[in-house]
Amino acid sequence: MTVRIPNEAEMDWLTRRAVAEIIPYGEFVKALKSGKALRLKMGFDPSAPDLTIGHAVGLRKLRQLQEFGHTVVIIVGDWTAQIGDPSGQSKTRPMLTAEQVKENAETYLRQFFKIVDRDRCEVRWQSEWFGKFGLSEVVRLAAKFTVAQMLERADFAERFSAQKPVGVHELLYPMLQGYDSVAVQSDVEFGGTDQKFNLMVGRELQSEAGQAPQIVFTVPLLVGTDGVKMSKSMGNYIAVEESPSEMYGKVMSIPDPMIAEYMEYVTDVADQDVAEVRRVVEERTGNPRDAKMRLAREIVTQFHDAGAAVEAEEQFVRTFSKRELPEDLPIREVSFSTLTSEDSANGDGVRLPWLLTHLEMTASASEANRLIKQRAVEIDGEVVEGARAPLRDGMVIRVGKHRFLRVVDADGGPC
RNA sequence: GGCGGGAUGGCAGAGCGGUCAAUUGCACCAGGCUGUAAACUUGGCGCCCUUUGGGCUACGCAGGUUCGAAUCCUGCUCCCGCCA
């Protein structure tokens with residue numbers, strides 16, 4: 001496999017766009033110019049299987065470097081997953097079983113290879129080396145660090161001074177991750193800015209082991225769709241496997257000040273254009289919505305394709321701007337006669353709260369009741385007033401802005 | 001090992017014998033306004049029902065005191081801190 005040396009513009013793109021920090025910067029530039037195939041390490045915890053476009057920031061960088069002939073080494077953190085990465089966590093995570101880890105890892109890799117080129121990637125499991133580790137090795141590894149060093153980590157220090165628990169096993173996390181670098185002989189390790197400490201530990205252990213210390217490459221963290229840190233638990237993320245229309249819609253819901261940032265980090269939109277968008281948003285010289293629509297198209301195109309992006313946009317305009325029904329209205333077939341008998345319907349039809357809950361459009365009948373009272377439920381375009389409504393084959397129920405359903409009679413006709 | 005503090009709805013955090021399905025903030029949902037932005041504003045936010053009402057289940061777990069307990073007592077479980 002031949003390595004191509006980036007020209008000046010490419011070098012600039014590689015080392016500046018969507019980059020937080022490269023330590024040491026000079027080494028990295030030198031390494032890219034050396035013509036040597038680099039081993040680009042990235043680890044992941046198979047604890048949270050959904051990849052988000054936040055992860056895509058780093059993965060895109062890996063992909064770009066693959067195009068120049070470098071090799072990605074992805075580490076499946078099957079041991080560290082059992083600890084749970086303490087980075088940015090306010091509390092310790094529950095440990096996972098071996099089966100869960102395996103399953104999660106598969107899911108993760110499937111998504112990972114949507115961005116990263118599988119042919120120029122090496123998949124390594126931590127158990128390859130940690131499986132053979134004995135207590136003496138663990139002690140030897142731990143002996144290389146002091147408690148004070150570990151407490152340099154911002155999140156450990158914060159938790160410690162806030163009198164929140166810090167598990168002893170958590171101190172092991174950075175060491176294990178660092179040792180991975182020794183095991184796979186990595187040249188560069190990638191991670192979010194919150195990973196900096198862990199990545200630096202790798203450098204330390206590599207020089208101890210007589211290897212050239214890896215270059216640390218951090219990418220910025222993408223904030224969530226609500227403007228705060230993107231995380232699974234907040235539900236404010238956009239998954240890479242999301243459907244085109246979901247993805248498009250979620251992008252449209254991000255706050256304006258984040259548009260330029262998203263563009264810079266997860267798209268290839270030219271720097272000048274990103275700067276222009278930033279200016280438009282700040283100075284309010286145009287409608288930021290247009291910039292956001294472009295961003296949404298770019299993102300959908302990247303994770304699906306251009307056709308899907310156009311379609312998602314049409315769908316979006318139709319449903320939300322024009323308030324019409326979406327084209328790909330979900331359809332639910334139910335037997336009207338069963339519904340009628342189960343609900344002891346009378347001449348006025350079935351009880352709506354019960355029906356909505358039965359159709360899983362609302363979590364409970366109480367919730368449905370509230371929504372009806374708040375005039376948030378429509379049937380065939382009419383706001384629902386009463387508690388009962390007649391069934392009609394093909395009726396369209398809408399709850400709030402986002403929930404739609406076309407109900408079709410499974411009995412095949414009026415009952 | 002000793003001493004002390006605590007466990008309340010998604011989170012934070014009030015309540016300390018009845019008026020508590022439980023103050024408040026955040027998060028969330030819905031209506032209005034809009035660009036599914038922000039800001040603002042209104043309502044809501046345990047479950048079920050024939051819904052200006054009724055019923056059921058809930059304040060770590062198990063018992064007890066009482067006409068009545070999230071609130072008092074006993075035991076258990078778990079968490080946190082300090083000292084050793």
# chains A, B, ... in the order shown; residues from 1 in each chain; ligands from 1
call {"tool": "residues_around", "arguments": {"residues": "C48 in chain B", "least_positions_apart": "3", "cutoff": "12 Å", "atoms": "only C-alpha atoms (C1' of nucleotides)", "output": "list in words"}}
result
Pro353, Trp354, Ser364, Ala365, Ser366, Glu367 and Asn369 of chain A; U51, G54, G55, C56 and U57 of chain B
call {"tool": "interface_residues", "arguments": {"of": "chain B", "to": "chain A", "cutoff": "8 Å", "atoms": "only C-alpha atoms (C1' of nucleotides)", "output": "list in words"}}
result
A30, G31, G35, U36, A37, A38, G43, G44 and C47 of chain B
call {"tool": "write_last_selection", "arguments": {"atoms": "C-alpha atoms (C1' of nucleotides)", "output": "PDB file, in the first residue's frame"}}
result
ATOM      1  C1'   A B  30     -48.793  20.174  24.248  1.00  0.00           C
ATOM      2  C1'   G B  31     -51.257  25.063  22.652  1.00  0.00           C
ATOM      3  C1'   G B  35     -37.839  29.211  10.656  1.00  0.00           C
ATOM      4  C1'   U B  36     -39.475  21.788  14.092  1.00  0.00           C
ATOM      5  C1'   A B  37     -33.988  28.214  15.887  1.00  0.00           C
ATOM      6  C1'   A B  38     -33.852  31.481  20.033  1.00  0.00           C
ATOM      7  C1'   G B  43     -51.438  24.722  30.018  1.00  0.00           C
ATOM      8  C1'   G B  44     -49.682  19.945  31.464  1.00  0.00           C
ATOM      9  C1'   C B  47     -52.074   4.797  36.411  1.00  0.00           C
TER      10        C B  47
END
call {"tool": "residues_around", "arguments": {"residues": "Glu27 in chain A", "least_positions_apart": "3", "cutoff": "12 Å", "atoms": "only C-alpha atoms (C1' of nucleotides)", "output": "number ranges by chain"}}
result
A: 15, 22-24, 30-34, 187-188, 212-217
call {"tool": "select_by_dssp", "arguments": {"residues": "range 200-395 of chain A", "states": "strand (DSSP E or B)", "output": "ChimeraX atom specification"}}
result
/A:215-219,223,229,239,331-334,346,349-351,377-379,382-383,388-389,395
call {"tool": "select_by_dssp", "arguments": {"residues": "range 220-356 of chain A", "states": "helix (DSSP H, G or I)", "output": "MDAnalysis selection string"}}
result
chainID A and resid 244:252 256:266 271:283 288:303 306:321 336:342 352:356
call {"tool": "residues_around", "arguments": {"residues": "Ser243 in chain A", "least_positions_apart": "5", "cutoff": "9 Å", "atoms": "only C-alpha atoms (C1' of nucleotides)", "output": "MDAnalysis selection string"}}
result
chainID A and resid 248 300 304
call {"tool": "residues_around", "arguments": {"residues": "G63 in chain B", "least_positions_apart": "2", "cutoff": "12 Å", "atoms": "only C-alpha atoms (C1' of nucleotides)", "output": "ChimeraX atom specification"}}
result
/B:61,65,73-76
call {"tool": "atom_distance", "arguments": {"atom1": "CA of Leu51 in chain A", "atom2": "CA of Glu311 in chain A"}}
result
23.5 Å
call {"tool": "residues_around", "arguments": {"residues": "C78 in chain B", "least_positions_apart": "5", "cutoff": "12 Å", "atoms": "only C-alpha atoms (C1' of nucleotides)", "output": "list in words"}}
result
G6, A7, G60 and C61 of chain B
call {"tool": "closest_residue", "arguments": {"among": "A:Ala306, A:Ala9, A:Ala148, A:Ala56", "to": "Phe112 in chain A", "atoms": "only C-alpha atoms"}}
result
A:Ala56
call {"tool": "residues_around", "arguments": {"residues": "Leu109 in chain A", "least_positions_apart": "2", "cutoff": "12 Å", "atoms": "only C-alpha atoms (C1' of nucleotides)", "output": "PDB file with N, CA and C atoms, in the first residue's frame"}}
result
ATOM      1  N   GLY A  43      -9.754   3.923  19.986  1.00  0.00           N
ATOM      2  CA  GLY A  43     -10.395   2.885  20.790  1.00  0.00           C
ATOM      3  C   GLY A  43     -11.849   3.224  21.005  1.00  0.00           C
ATOM      4  N   PHE A  44     -12.630   2.242  21.329  1.00  0.00           N
ATOM      5  CA  PHE A  44     -14.008   2.537  21.723  1.00  0.00           C
ATOM      6  C   PHE A  44     -14.465   1.526  22.750  1.00  0.00           C
ATOM      7  N   ASP A  45     -15.392   1.999  23.538  1.00  0.00           N
ATOM      8  CA  ASP A  45     -16.018   1.186  24.560  1.00  0.00           C
ATOM      9  C   ASP A  45     -17.270   0.587  23.983  1.00  0.00           C
ATOM     10  N   PRO A  46     -17.379  -0.706  23.934  1.00  0.00           N
ATOM     11  CA  PRO A  46     -18.635  -1.249  23.404  1.00  0.00           C
ATOM     12  C   PRO A  46     -19.736  -1.205  24.454  1.00  0.00           C
ATOM     13  N   ALA A  48     -22.005   1.642  24.569  1.00  0.00           N
ATOM     14  CA  ALA A  48     -23.137   2.378  24.011  1.00  0.00           C
ATOM     15  C   ALA A  48     -23.113   2.203  22.498  1.00  0.00           C
ATOM     16  N   PRO A  49     -23.924   1.338  21.970  1.00  0.00           N
ATOM     17  CA  PRO A  49     -23.769   0.920  20.579  1.00  0.00           C
ATOM     18  C   PRO A  49     -24.126   1.934  19.503  1.00  0.00           C
ATOM     19  N   ASP A  50     -24.914   2.968  19.824  1.00  0.00           N
ATOM     20  CA  ASP A  50     -25.264   3.904  18.771  1.00  0.00           C
ATOM     21  C   ASP A  50     -24.162   4.906  18.493  1.00  0.00           C
ATOM     22  N   LEU A  51     -23.712   4.957  17.251  1.00  0.00           N
ATOM     23  CA  LEU A  51     -22.749   5.985  16.877  1.00  0.00           C
ATOM     24  C   LEU A  51     -23.502   7.236  16.483  1.00  0.00           C
ATOM     25  N   LEU A  59     -14.030  10.111  13.191  1.00  0.00           N
ATOM     26  CA  LEU A  59     -13.979   9.058  12.178  1.00  0.00           C
ATOM     27  C   LEU A  59     -13.724   9.630  10.786  1.00  0.00           C
ATOM     28  N   ILE A  74      -8.468  -0.076  15.009  1.00  0.00           N
ATOM     29  CA  ILE A  74      -9.566   0.169  15.941  1.00  0.00           C
ATOM     30  C   ILE A  74      -9.487  -0.847  17.068  1.00  0.00           C
ATOM     31  N   ILE A  75      -9.501  -0.343  18.275  1.00  0.00           N
ATOM     32  CA  ILE A  75      -9.398  -1.224  19.438  1.00  0.00           C
ATOM     33  C   ILE A  75     -10.782  -1.427  20.029  1.00  0.00           C
ATOM     34  N   VAL A  76     -11.200  -2.648  20.138  1.00  0.00           N
ATOM     35  CA  VAL A  76     -12.457  -2.942  20.813  1.00  0.00           C
ATOM     36  C   VAL A  76     -12.138  -3.027  22.308  1.00  0.00           C
ATOM     37  N   LYS A 102     -19.918  -8.139  23.350  1.00  0.00           N
ATOM     38  CA  LYS A 102     -19.707  -8.696  22.021  1.00  0.00           C
ATOM     39  C   LYS A 102     -20.750  -8.165  21.043  1.00  0.00           C
ATOM     40  N   GLU A 103     -21.966  -8.187  21.525  1.00  0.00           N
ATOM     41  CA  GLU A 103     -23.074  -7.713  20.692  1.00  0.00           C
ATOM     42  C   GLU A 103     -22.912  -6.230  20.347  1.00  0.00           C
ATOM     43  N   ASN A 104     -22.592  -5.460  21.377  1.00  0.00           N
ATOM     44  CA  ASN A 104     -22.403  -4.031  21.161  1.00  0.00           C
ATOM     45  C   ASN A 104     -21.270  -3.753  20.190  1.00  0.00           C
ATOM     46  N   ALA A 105     -20.212  -4.540  20.313  1.00  0.00           N
ATOM     47  CA  ALA A 105     -19.050  -4.320  19.457  1.00  0.00           C
ATOM     48  C   ALA A 105     -19.419  -4.525  17.998  1.00  0.00           C
ATOM     49  N   GLU A 106     -20.218  -5.539  17.732  1.00  0.00           N
ATOM     50  CA  GLU A 106     -20.628  -5.802  16.352  1.00  0.00           C
ATOM     51  C   GLU A 106     -21.446  -4.652  15.795  1.00  0.00           C
ATOM     52  N   THR A 107     -22.391  -4.204  16.609  1.00  0.00           N
ATOM     53  CA  THR A 107     -23.220  -3.075  16.197  1.00  0.00           C
ATOM     54  C   THR A 107     -22.359  -1.857  15.920  1.00  0.00           C
ATOM     55  N   GLN A 111     -21.507   0.293  12.159  1.00  0.00           N
ATOM     56  CA  GLN A 111     -21.698   1.729  11.957  1.00  0.00           C
ATOM     57  C   GLN A 111     -20.376   2.429  11.667  1.00  0.00           C
ATOM     58  N   PHE A 112     -19.365   1.945  12.332  1.00  0.00           N
ATOM     59  CA  PHE A 112     -18.020   2.502  12.180  1.00  0.00           C
ATOM     60  C   PHE A 112     -17.575   2.450  10.721  1.00  0.00           C
ATOM     61  N   PHE A 113     -17.876   1.335  10.067  1.00  0.00           N
ATOM     62  CA  PHE A 113     -17.441   1.164   8.686  1.00  0.00           C
ATOM     63  C   PHE A 113     -18.320   1.888   7.673  1.00  0.00           C
ATOM     64  N   LYS A 114     -19.292   2.601   8.172  1.00  0.00           N
ATOM     65  CA  LYS A 114     -20.020   3.492   7.260  1.00  0.00           C
ATOM     66  C   LYS A 114     -19.124   4.668   6.909  1.00  0.00           C
ATOM     67  N   ILE A 115     -18.203   4.950   7.788  1.00  0.00           N
ATOM     68  CA  ILE A 115     -17.332   6.112   7.568  1.00  0.00           C
ATOM     69  C   ILE A 115     -15.904   5.675   7.275  1.00  0.00           C
ATOM     70  N   VAL A 116     -15.422   4.732   8.080  1.00  0.00           N
ATOM     71  CA  VAL A 116     -14.036   4.304   7.938  1.00  0.00           C
ATOM     72  C   VAL A 116     -13.934   3.170   6.923  1.00  0.00           C
ATOM     73  N   ASP A 117     -12.873   3.200   6.129  1.00  0.00           N
ATOM     74  CA  ASP A 117     -12.657   2.195   5.093  1.00  0.00           C
ATOM     75  C   ASP A 117     -12.191   0.879   5.729  1.00  0.00           C
ATOM     76  N   ARG A 118     -13.020  -0.128   5.550  1.00  0.00           N
ATOM     77  CA  ARG A 118     -12.757  -1.418   6.164  1.00  0.00           C
ATOM     78  C   ARG A 118     -11.447  -2.053   5.660  1.00  0.00           C
ATOM     79  N   CYS A 121      -8.172  -1.058   7.557  1.00  0.00           N
ATOM     80  CA  CYS A 121      -8.436  -1.001   8.988  1.00  0.00           C
ATOM     81  C   CYS A 121      -8.140  -2.346   9.632  1.00  0.00           C
ATOM     82  N   GLU A 122      -7.568  -2.273  10.812  1.00  0.00           N
ATOM     83  CA  GLU A 122      -7.234  -3.475  11.561  1.00  0.00           C
ATOM     84  C   GLU A 122      -8.106  -3.450  12.821  1.00  0.00           C
ATOM     85  N   VAL A 123      -8.830  -4.522  13.055  1.00  0.00           N
ATOM     86  CA  VAL A 123      -9.669  -4.564  14.252  1.00  0.00           C
ATOM     87  C   VAL A 123      -8.971  -5.410  15.318  1.00  0.00           C
ATOM     88  N   ARG A 124      -8.735  -4.843  16.456  1.00  0.00           N
ATOM     89  CA  ARG A 124      -8.048  -5.571  17.524  1.00  0.00           C
ATOM     90  C   ARG A 124      -8.881  -5.550  18.796  1.00  0.00           C
TER      91      ARG A 124
END
call {"tool": "decode", "arguments": {"residues": "range 185-333 of chain A", "atoms": "C-alpha atoms", "output": "compact mmCIF listing (two decimals), in the first residue's frame"}}
result
# COMPACT_ATOMS: atom_id res chain seq x y z
CA GLN A 185 2.42 0.07 18.39
CA SER A 186 0.36 3.04 17.46
CA ASP A 187 1.82 6.13 15.84
CA VAL A 188 -1.11 8.45 16.38
CA GLU A 189 -4.08 8.09 18.67
CA PHE A 190 -7.39 9.85 18.07
CA GLY A 191 -10.07 10.87 20.48
CA GLY A 192 -12.31 13.70 21.61
CA THR A 193 -10.86 16.46 23.74
CA ASP A 194 -12.18 14.67 26.81
CA GLN A 195 -9.79 11.83 25.98
CA LYS A 196 -6.64 13.91 26.15
CA PHE A 197 -5.48 12.55 29.47
CA ASN A 198 -5.97 8.94 28.44
CA LEU A 199 -4.14 9.53 25.19
CA MET A 200 -1.21 11.11 26.97
CA VAL A 201 -0.87 8.08 29.21
CA GLY A 202 -0.28 6.05 26.07
CA ARG A 203 2.68 8.25 25.17
CA GLU A 204 4.18 7.68 28.56
CA LEU A 205 3.86 3.93 28.49
CA GLN A 206 5.20 3.68 24.96
CA SER A 207 8.38 5.54 25.76
CA GLU A 208 8.86 3.32 28.79
CA ALA A 209 8.51 0.33 26.52
CA GLY A 210 11.10 1.72 24.16
CA GLN A 211 8.65 2.72 21.44
CA ALA A 212 8.34 6.11 19.84
CA PRO A 213 5.57 7.86 21.75
CA GLN A 214 2.37 8.25 19.80
CA ILE A 215 1.13 11.57 18.57
CA VAL A 216 -2.02 12.68 20.34
CA PHE A 217 -4.74 13.93 18.02
CA THR A 218 -7.89 15.31 19.58
CA VAL A 219 -11.01 16.43 17.78
CA PRO A 220 -13.59 18.84 19.16
CA LEU A 221 -16.70 17.54 20.84
CA LEU A 222 -19.88 18.24 18.97
CA VAL A 223 -22.66 19.62 21.10
CA GLY A 224 -26.09 18.01 21.05
CA THR A 225 -29.16 19.19 19.18
CA ASP A 226 -30.21 21.19 22.21
CA GLY A 227 -26.92 22.99 22.58
CA VAL A 228 -25.54 20.99 25.49
CA LYS A 229 -23.12 18.10 25.43
CA MET A 230 -24.27 15.35 23.08
CA SER A 231 -24.96 12.19 25.00
CA LYS A 232 -27.07 9.09 24.88
CA SER A 233 -28.70 9.77 28.17
CA MET A 234 -29.82 13.23 27.09
CA GLY A 235 -31.41 11.90 23.92
CA ASN A 236 -30.11 14.92 22.07
CA TYR A 237 -28.01 13.13 19.52
CA ILE A 238 -28.24 12.31 15.85
CA ALA A 239 -27.31 8.72 15.16
CA VAL A 240 -25.45 7.85 11.99
CA GLU A 241 -28.00 5.15 11.24
CA GLU A 242 -30.98 7.44 11.57
CA SER A 243 -33.47 7.54 8.68
CA PRO A 244 -33.04 10.43 6.23
CA SER A 245 -36.14 12.27 7.38
CA GLU A 246 -35.33 11.85 11.06
CA MET A 247 -31.82 13.03 10.46
CA TYR A 248 -32.97 15.99 8.44
CA GLY A 249 -35.52 16.98 11.04
CA LYS A 250 -33.08 16.70 13.91
CA VAL A 251 -30.59 18.91 12.16
CA MET A 252 -33.32 21.50 11.61
CA SER A 253 -34.03 21.56 15.32
CA ILE A 254 -30.56 22.62 16.39
CA PRO A 255 -30.18 26.16 17.73
CA ASP A 256 -28.82 28.72 15.24
CA PRO A 257 -25.49 29.42 16.89
CA MET A 258 -24.50 25.81 16.31
CA ILE A 259 -25.02 25.71 12.56
CA ALA A 260 -21.53 26.81 11.60
CA GLU A 261 -19.96 24.47 14.10
CA TYR A 262 -21.82 21.47 12.74
CA MET A 263 -20.80 22.46 9.23
CA GLU A 264 -17.20 22.81 10.18
CA TYR A 265 -17.00 19.53 12.04
CA VAL A 266 -19.10 17.09 10.08
CA THR A 267 -19.22 18.32 6.51
CA ASP A 268 -16.77 19.21 3.77
CA VAL A 269 -18.34 22.60 3.15
CA ALA A 270 -15.54 25.00 2.26
CA ASP A 271 -14.03 27.14 4.98
CA GLN A 272 -15.15 30.40 3.35
CA ASP A 273 -18.74 29.18 3.23
CA VAL A 274 -18.65 28.17 6.86
CA ALA A 275 -17.31 31.60 7.76
CA GLU A 276 -20.08 33.19 5.73
CA VAL A 277 -22.72 31.16 7.55
CA ARG A 278 -21.22 32.14 10.86
CA ARG A 279 -21.41 35.78 9.86
CA VAL A 280 -24.99 35.54 8.66
CA VAL A 281 -26.08 33.97 11.92
CA GLU A 282 -24.22 36.42 14.10
CA GLU A 283 -25.18 39.55 12.27
CA ARG A 284 -28.62 38.32 11.33
CA THR A 285 -28.14 39.47 7.76
CA GLY A 286 -30.07 36.56 6.29
CA ASN A 287 -32.35 33.78 7.33
CA PRO A 288 -30.30 31.19 9.21
CA ARG A 289 -32.89 28.64 8.24
CA ASP A 290 -31.48 28.47 4.75
CA ALA A 291 -28.01 27.72 6.08
CA LYS A 292 -29.51 25.08 8.29
CA MET A 293 -31.29 23.46 5.40
CA ARG A 294 -28.02 23.28 3.52
CA LEU A 295 -26.40 21.70 6.55
CA ALA A 296 -29.22 19.18 6.83
CA ARG A 297 -28.83 18.28 3.14
CA GLU A 298 -25.08 17.88 3.50
CA ILE A 299 -25.44 15.59 6.49
CA VAL A 300 -28.15 13.42 5.00
CA THR A 301 -26.18 13.14 1.76
CA GLN A 302 -23.15 12.02 3.66
CA PHE A 303 -24.82 9.27 5.64
CA HIS A 304 -27.34 8.29 2.99
CA ASP A 305 -27.20 9.87 -0.47
CA ALA A 306 -28.14 12.98 -2.39
CA GLY A 307 -31.48 11.58 -3.47
CA ALA A 308 -32.46 10.82 0.09
CA ALA A 309 -31.49 14.34 1.08
CA VAL A 310 -33.73 15.92 -1.55
CA GLU A 311 -36.57 13.68 -0.53
CA ALA A 312 -36.09 14.39 3.15
CA GLU A 313 -36.14 18.08 2.44
CA GLU A 314 -39.34 17.90 0.42
CA GLN A 315 -40.88 15.87 3.16
CA PHE A 316 -39.78 18.37 5.75
CA VAL A 317 -41.14 21.41 3.95
CA ARG A 318 -44.40 19.63 3.33
CA THR A 319 -44.92 18.46 6.87
CA PHE A 320 -43.62 21.30 8.93
CA SER A 321 -43.50 24.42 6.82
CA LYS A 322 -46.78 23.76 5.04
CA ARG A 323 -48.25 21.69 7.84
CA GLU A 324 -49.40 19.01 5.46
CA LEU A 325 -49.23 15.32 6.00
CA PRO A 326 -45.96 13.58 5.29
CA GLU A 327 -45.82 11.29 2.30
CA ASP A 328 -44.40 8.28 4.08
CA LEU A 329 -47.17 8.32 6.64
CA PRO A 330 -46.83 5.26 8.82
CA ILE A 331 -49.72 2.87 8.34
CA ARG A 332 -51.14 0.67 11.00
CA GLU A 333 -53.49 -2.18 10.26
